[in-house]
Number of protein chains: 2
Amino acid sequence: MNATELKKWLGADAAGDPTARIVRLLSQKGSLSAAEIARELNLAKSTVSSALVGLRASGMVVNAGQPAVRPQVGTGRPATTLSLNPSAGACVGVLVCDNYIRVVMADVSHAILDEDRCEMPIDYSPEAAARATHALVKNMCKRCDVRHEALLGVGVAVPGPVRPDTGQVLRASVVPTWAGLDIRGPFEAAFDLPIFADNESNCAAIAEMTWGAAVGFDDFVYFKIDTGIGGAIVVNRRIVAGRAGGAGEFGHMSVNPSGDLCLCGGRGCLELYAGFEGVLRHAARVHGPEISIAEVVGLAQSGNVGCRRLIADAGEAAGHGLALIGTTFNPPLIVIGGRGALAGELVLAPLRAAYERFALIKNSEMPAEAQTRIIPGAFLTNDSGLGAVGLVLRYHGRLASG
Amino acid sequence: MNATELKKWLGADAAGDPTARIVRLLSQKGSLSAAEIARELNLAKSTVSSALVGLRASGMVVNAGQPAVRPQVGTGRPATTLSLNPSAGACVGVLVCDNYIRVVMADVSHAILDEDRCEMPIDYSPEAAARATHALVKNMCKRCDVRHEALLGVGVAVPGPVRPDTGQVLRASVVPTWAGLDIRGPFEAAFDLPIFADNESNCAAIAEMTWGAAVGFDDFVYFKIDTGIGGAIVVNRRIVAGRAGGAGEFGHMSVNPSGDLCLCGGRGCLELYAGFEGVLRHAARVHGPEISIAEVVGLAQSGNVGCRRLIADAGEAAGHGLALIGTTFNPPLIVIGGRGALAGELVLAPLRAAYERFALIKNSEMPAEAQTRIIPGAFLTNDSGLGAVGLVLRYHGRLASG
């Protein structure tokens with residue numbers, strides 16, 4: 001079993017074929033039972049069964065192992081689930097941050113093979129990012145016995161809006177010198193593979209909908225509380241990208257038009273009040289300039305009233321911002337991601353209270369089935385890296401052409 | 001040609017059949033060329049041609065007359081367009097307002113047959129609304145020579161959120177005593193026809209996407225400036241309803257958490273600053289309590305500086321609110337509807353300036369194809385009534401079962 005075989009099934013010629021659709025679906029979803037496949041693809045069970053006979057015979061589809069990422073839920077004996085053959089191909093996900101790069105490698109059965117990271121100098125170039133990623137991936141391939149030919153693509157999660165049509169990083173990126181550049185270019189040059197790029201919060205939402213807190217939801221809002229505030233909107237299982245890639249930029253909603261200046265050039269942006277950069281700045285006065293989000297959360301959890309208040313205030317500001325989004329969208333689910341959510345109820349309780357106060361549709365007035373659930377994400381510290389892998393698993397079938 | 005024939009094609013048994021899909025598409029869209037039909041349904045031209053032979057022979061499909069609602073655009077000799085036979089069926093759209101009811105009747109070729117309205121007493125019941133509508137429709141049928149059997153359904157546009165699963169009107173309606181009621185019930189009792197209910201702004205968005213300013217766009221935001229502020233979100237040509245029907249309630253975004261109390265029970269809601277109720281309240285001090293939106297607009301257009309300022313301030317507030325939505329969605333198009341848009345550039349210029357100032361993605365930094373266009377709607381005074389008809393034309397195929 002090798003990647004050439006897989007790419008054949010994902011090729012344009014096979015687009016309408018039930019077998020190709022099954023391969024594509026398993027790539028997106030990881031593992032599914034035959035009944036789930038039939039339901040998802042709206043195919044007759046007999047059609048799915050006969051296609052699976054061929055796919056099993058060729059070794060392309062195998063019985064799934066324990067789900068590698070997706071947590072096992074429910075009880076009782078589960079139906080046999082199927083996945084693509086792990087040896088049929090692997091994907092790389094990269095998260096580029098202001099001072100480090102993180103890489104995740106997974107096979108097409110959705111098993112995580114390896115993770116690694118490296119520090120980067122201030123204001124590094126996209127070419128340096130691509131070179132550093134390539135070096136990390138080369139070592140990973142050696143460690144995991146994956147040949148370069150088995151790689152299907154690289155997903156790049158960028159901390160800023162990415163234009164869906166051109167791959168250009170917009171000005172609001174954390175690495176401002178990258179603005180206007182097609183981020184895929186340097187990575188294509190380094191890897192000679194299909195490159196997929198998206199905003200890091202959109203990637204995080206893909207991780208949550210593929211393996212995490214949003215599995216089973218067609219529509220949801222992902223809201224990331226980290227040093228800044230990010231987000232994503234999912235409608236009918238698709239990320240809403242926005243005309244220029246700017247959808248889901250919740251952190252830059254101007255909630256206070258006469259407020260302080262934000263790095264984006266706006267005033268009174270939500271992330272000034274709800275982001276943990278502000279929390280850290282205040283906490284640093286008492287606890288020293290090196291204090292981290294995890295340490296502030298730890299202090300709050302062990303009863304420090306100052307850290308508790310800082311976290312509660314951030315949660316309240318986030319809840320007000322989310323209420324604006326809620327009054328716009330009225331989603332069934334809001335997933336709170338990012339390291340801020342590590343504070344659990346210390347941040348979620350004031351967030352939920354502010355949402356209830358400021359949203360038009362109040363959960364307290366609605367029966368359970370019409371309420372908006374607000375829950376923490378499943379991957380608070382590595383959602384974007386996982387999602388960058390998910391980007392490839394989700395979309396590589398649209399590009400590959402043999 | 002009669003409605004029984006049409007209902008057969010729209011029945012569940014014929015769901016996958018190309019002929020049925022063509023009938024359904026023409027019901028939704030009004031008139032299309034054969035090439036447009038093939039493109040929209042992703043069918044081979046030969047398949048469309050042979051299905052059309054049958055549909056023309058039976059009289060179900062005819063050459064379209066002049067577009068009744070949709071404005072003729074472009075130049076050059078247009079391709080022959082087709083529509084459903086006008087005699088195959090008719091639809092009713094009703095807009096229920098706080099003190100009047102408005103009814104529109106159209107045939108399935110999308111020609112408007114008649115319009116009418118009647119005044120209603122304060123706090124009238126839903127049963128009274130259904131009875132009054134029935135009386136208006138009875139007269140219309142007589143005037144237009146339409147038999148009751150030809151009616152396919154009634155669309156009801158409600159000035160408040162409507163739960164998509166239950167048809168229940170939520171508390172935020174302008175007729176508060178209707179809260180919790182399935183608005184379809186009284187109309188079903190009066191008409192014995194399929195009833196479709198939705199929020200009036202969602203209906204207005206359907207009118208704009210079917211015949212108006214949003215034709216050809218898959219995604220857009222509809223923003224209504226009238227006495228209050230309403231709106232709708234369209235993603236991939238579908239209205240985003242929201243879990244409880246509360247999506248698009250832009251007027252109740254709490255833009256000033258310590259602001260004045262709103263009728264909805266919130267504080268500092270956008271419609272307090274951007275709605276024309278506030279404009280009228282201020283204008284009334286100088287021009288008398290009976291002044292209307294049209295009169296304020298007329299005064300502003302003839303140079304009255306007070307009315308100009310009131311309208312500009314409302315436009316600026318609307319632009320700030322829209323920038324919050326824009327930073328969330330980054331849509332390719334925003335359509336400004338409602339009677340406030342009758343003021344044209346007097347309201348649109350300050351609105352666009354505030355949007356540019358407060359949105360993260362600035363049009364001035366984007367090439368034309370990545371910008372957010374902000375344009376007035378095509379149906380400022382009757383969009384919701386037309387959209388209520390559109391609701392039936394769009395959805396009746398999903399219900400009819402022979």
# chains A, B, ... in the order shown; residues from 1 in each chain; ligands from 1

$ residues_around --residues "Arg147 of chain B" --least-positions-apart "5" --cutoff "12 Å" --atoms "only C-alpha atoms" --output "compact mmCIF listing (two decimals) with C-alpha atoms, in the first residue's frame"
# COMPACT_ATOMS: atom_id res chain seq x y z
CA ASN B 2 -53.28 22.90 -12.65
CA ALA B 3 -51.77 22.67 -9.20
CA SER B 87 -51.59 28.80 -14.40
CA ALA B 88 -49.93 25.89 -12.58
CA GLY B 89 -50.24 27.52 -9.18
CA ALA B 90 -50.14 30.63 -7.03
CA CYS B 91 -48.62 31.54 -3.66
CA ASP B 107 -48.03 32.86 -9.58
CA VAL B 137 -56.91 36.48 -0.21
CA LYS B 138 -60.51 35.56 -1.03
CA ASN B 139 -61.01 38.94 -2.73
CA MET B 140 -57.67 38.66 -4.51
CA CYS B 141 -58.56 35.22 -5.87
CA LYS B 142 -61.80 36.68 -7.25
CA LEU B 152 -49.71 26.13 -3.08

$ interface_residues --of "chain A" --to "chain B" --cutoff "6 Å" --atoms "only C-alpha atoms" --output "ChimeraX atom specification"
/A:242-244,246-250,253,324,327-332,370

$ write_last_selection --atoms "all heavy atoms" --output "compact mmCIF listing (two decimals), in the first residue's frame"
# COMPACT_ATOMS: atom_id res chain seq x y z
N GLY A 242 -14.91 33.96 4.70
CA GLY A 242 -15.01 35.40 4.49
C GLY A 242 -14.36 35.78 3.18
O GLY A 242 -13.46 35.09 2.69
N ARG A 243 -14.82 36.91 2.62
CA ARG A 243 -14.40 37.30 1.27
C ARG A 243 -12.88 37.42 1.15
O ARG A 243 -12.29 37.01 0.16
CB ARG A 243 -15.06 38.64 0.91
CG ARG A 243 -14.85 39.03 -0.52
CD ARG A 243 -15.52 37.99 -1.40
NE ARG A 243 -15.06 38.05 -2.79
CZ ARG A 243 -13.99 37.41 -3.24
NH1 ARG A 243 -13.24 36.68 -2.44
NH2 ARG A 243 -13.66 37.49 -4.50
N ALA A 244 -12.25 37.98 2.18
CA ALA A 244 -10.80 38.17 2.14
C ALA A 244 -10.11 37.27 3.16
O ALA A 244 -8.95 37.46 3.49
CB ALA A 244 -10.45 39.64 2.41
N GLY A 246 -11.23 37.03 6.26
CA GLY A 246 -11.32 37.73 7.55
C GLY A 246 -12.48 37.33 8.44
O GLY A 246 -12.72 37.98 9.45
N ALA A 247 -13.19 36.24 8.12
CA ALA A 247 -14.28 35.83 9.01
C ALA A 247 -13.72 35.25 10.30
O ALA A 247 -12.63 34.68 10.31
CB ALA A 247 -15.18 34.82 8.31
N GLY A 248 -14.47 35.39 11.38
CA GLY A 248 -14.07 34.80 12.66
C GLY A 248 -13.02 35.60 13.41
O GLY A 248 -12.46 35.12 14.39
N GLU A 249 -12.75 36.84 12.98
CA GLU A 249 -11.74 37.65 13.67
C GLU A 249 -12.37 38.36 14.87
O GLU A 249 -12.33 39.60 14.99
CB GLU A 249 -11.11 38.64 12.70
CG GLU A 249 -10.19 37.99 11.69
CD GLU A 249 -8.90 37.45 12.31
OE1 GLU A 249 -8.50 37.93 13.39
OE2 GLU A 249 -8.31 36.53 11.72
N PHE A 250 -12.91 37.54 15.78
CA PHE A 250 -13.69 38.07 16.90
C PHE A 250 -12.87 39.02 17.78
O PHE A 250 -13.40 39.93 18.40
CB PHE A 250 -14.22 36.93 17.76
CG PHE A 250 -15.01 35.90 17.00
CD1 PHE A 250 -14.88 34.55 17.29
CD2 PHE A 250 -15.89 36.28 15.99
CE1 PHE A 250 -15.62 33.59 16.61
CE2 PHE A 250 -16.63 35.33 15.29
CZ PHE A 250 -16.49 33.98 15.60
N MET A 253 -13.32 42.81 17.02
CA MET A 253 -14.59 43.54 17.07
C MET A 253 -14.37 44.75 17.97
O MET A 253 -13.93 44.62 19.12
CB MET A 253 -15.69 42.66 17.67
CG MET A 253 -16.00 41.43 16.82
SD MET A 253 -17.60 40.68 17.25
CE MET A 253 -17.29 40.32 18.95
N LEU A 324 -22.54 39.31 21.34
CA LEU A 324 -22.73 40.01 20.06
C LEU A 324 -22.74 39.00 18.92
O LEU A 324 -23.54 39.08 17.99
CB LEU A 324 -21.60 41.03 19.84
CG LEU A 324 -21.47 42.15 20.88
CD1 LEU A 324 -20.22 42.97 20.61
CD2 LEU A 324 -22.71 43.05 20.86
N THR A 327 -25.98 36.98 19.15
CA THR A 327 -27.16 37.70 18.66
C THR A 327 -27.14 37.76 17.14
O THR A 327 -28.16 37.94 16.49
CB THR A 327 -27.20 39.10 19.31
OG1 THR A 327 -27.21 38.94 20.73
CG2 THR A 327 -28.44 39.88 18.90
N THR A 328 -25.96 37.61 16.57
CA THR A 328 -25.81 37.58 15.11
C THR A 328 -26.10 36.18 14.56
O THR A 328 -26.72 36.04 13.52
CB THR A 328 -24.36 37.97 14.76
OG1 THR A 328 -24.17 39.32 15.14
CG2 THR A 328 -24.07 37.83 13.29
N PHE A 329 -25.71 35.15 15.28
CA PHE A 329 -25.69 33.76 14.82
C PHE A 329 -26.59 32.79 15.50
O PHE A 329 -26.97 31.78 14.94
CB PHE A 329 -24.31 33.18 15.11
CG PHE A 329 -23.59 33.00 13.92
CD1 PHE A 329 -22.59 33.88 13.59
CD2 PHE A 329 -23.93 32.00 13.05
CE1 PHE A 329 -21.94 33.73 12.45
CE2 PHE A 329 -23.25 31.86 11.89
CZ PHE A 329 -22.27 32.72 11.59
N ASN A 330 -26.79 32.99 16.81
CA ASN A 330 -27.61 32.08 17.62
C ASN A 330 -27.21 30.63 17.38
O ASN A 330 -28.02 29.79 17.00
CB ASN A 330 -29.10 32.32 17.27
CG ASN A 330 -30.08 31.52 18.10
OD1 ASN A 330 -31.14 31.13 17.63
ND2 ASN A 330 -29.73 31.24 19.34
N PRO A 331 -25.92 30.30 17.61
CA PRO A 331 -25.45 28.95 17.27
C PRO A 331 -25.91 27.92 18.31
O PRO A 331 -26.18 28.28 19.45
CB PRO A 331 -23.93 29.10 17.32
CG PRO A 331 -23.70 30.16 18.34
CD PRO A 331 -24.87 31.12 18.23
N PRO A 332 -25.99 26.65 17.93
CA PRO A 332 -26.32 25.62 18.90
C PRO A 332 -25.17 25.35 19.87
O PRO A 332 -25.39 24.87 20.97
CB PRO A 332 -26.60 24.39 18.05
CG PRO A 332 -25.95 24.64 16.75
CD PRO A 332 -25.87 26.12 16.56
N ALA A 370 -33.22 24.09 22.26
CA ALA A 370 -33.05 25.35 21.54
C ALA A 370 -32.00 26.25 22.20
O ALA A 370 -31.83 27.40 21.82
CB ALA A 370 -34.39 26.09 21.45

$ select_by_dssp --residues "segment 233-397 of chain B" --states "helix (DSSP H, G or I)" --output "ChimeraX atom specification"
/B:250-252,270-274,276-287,293-301,305-329,339-343,345-358,363-365,368-370,383-397

$ closest_residue --among "B:Trp9, B:His134, B:Asn63, B:Ala44" --to "Ala79 of chain B" --atoms "only C-alpha atoms"
B:Asn63

$ closest_residue --among "A:Pro126, A:Phe217, A:Ile206, A:Leu6" --to "Asp182 of chain A" --atoms "only C-alpha atoms"
A:Pro126

$ select_by_dssp --residues "segment 55-288 of chain A" --states "strand (DSSP E)" --output "NGL selection string"
:A and (61-63 or 82-84 or 90-96 or 100-107 or 112-119 or 151-158 or 195-199 or 220-225 or 229-235 or 238-239)

$ atom_distance --atom1 "atom CA of Asn304 of chain B" --atom2 "atom CA of Tyr355 of chain B"
25.2 Å

$ closest_residue --among "B:Ala34, B:Gly65, B:Ser384, B:Ala317" --to "Cys97 of chain B" --atoms "only C-alpha atoms"
B:Ser384

$ closest_residue --among "A:Ser49, A:Asn199, A:Thr177, A:Ser125" --to "Gly160 of chain A" --atoms "only C-alpha atoms"
A:Asn199

$ atom_distance --atom1 "atom CA of Arg394 of chain B" --atom2 "atom CA of Leu43 of chain A"
26.2 Å

$ closest_residue --among "B:Leu32, B:Val154, B:Ala294, B:Val162" --to "Leu193 of chain B" --atoms "only C-alpha atoms"
B:Val154

$ atom_distance --atom1 "atom CA of Ala312 of chain B" --atom2 "atom CA of Phe276 of chain B"
11.1 Å
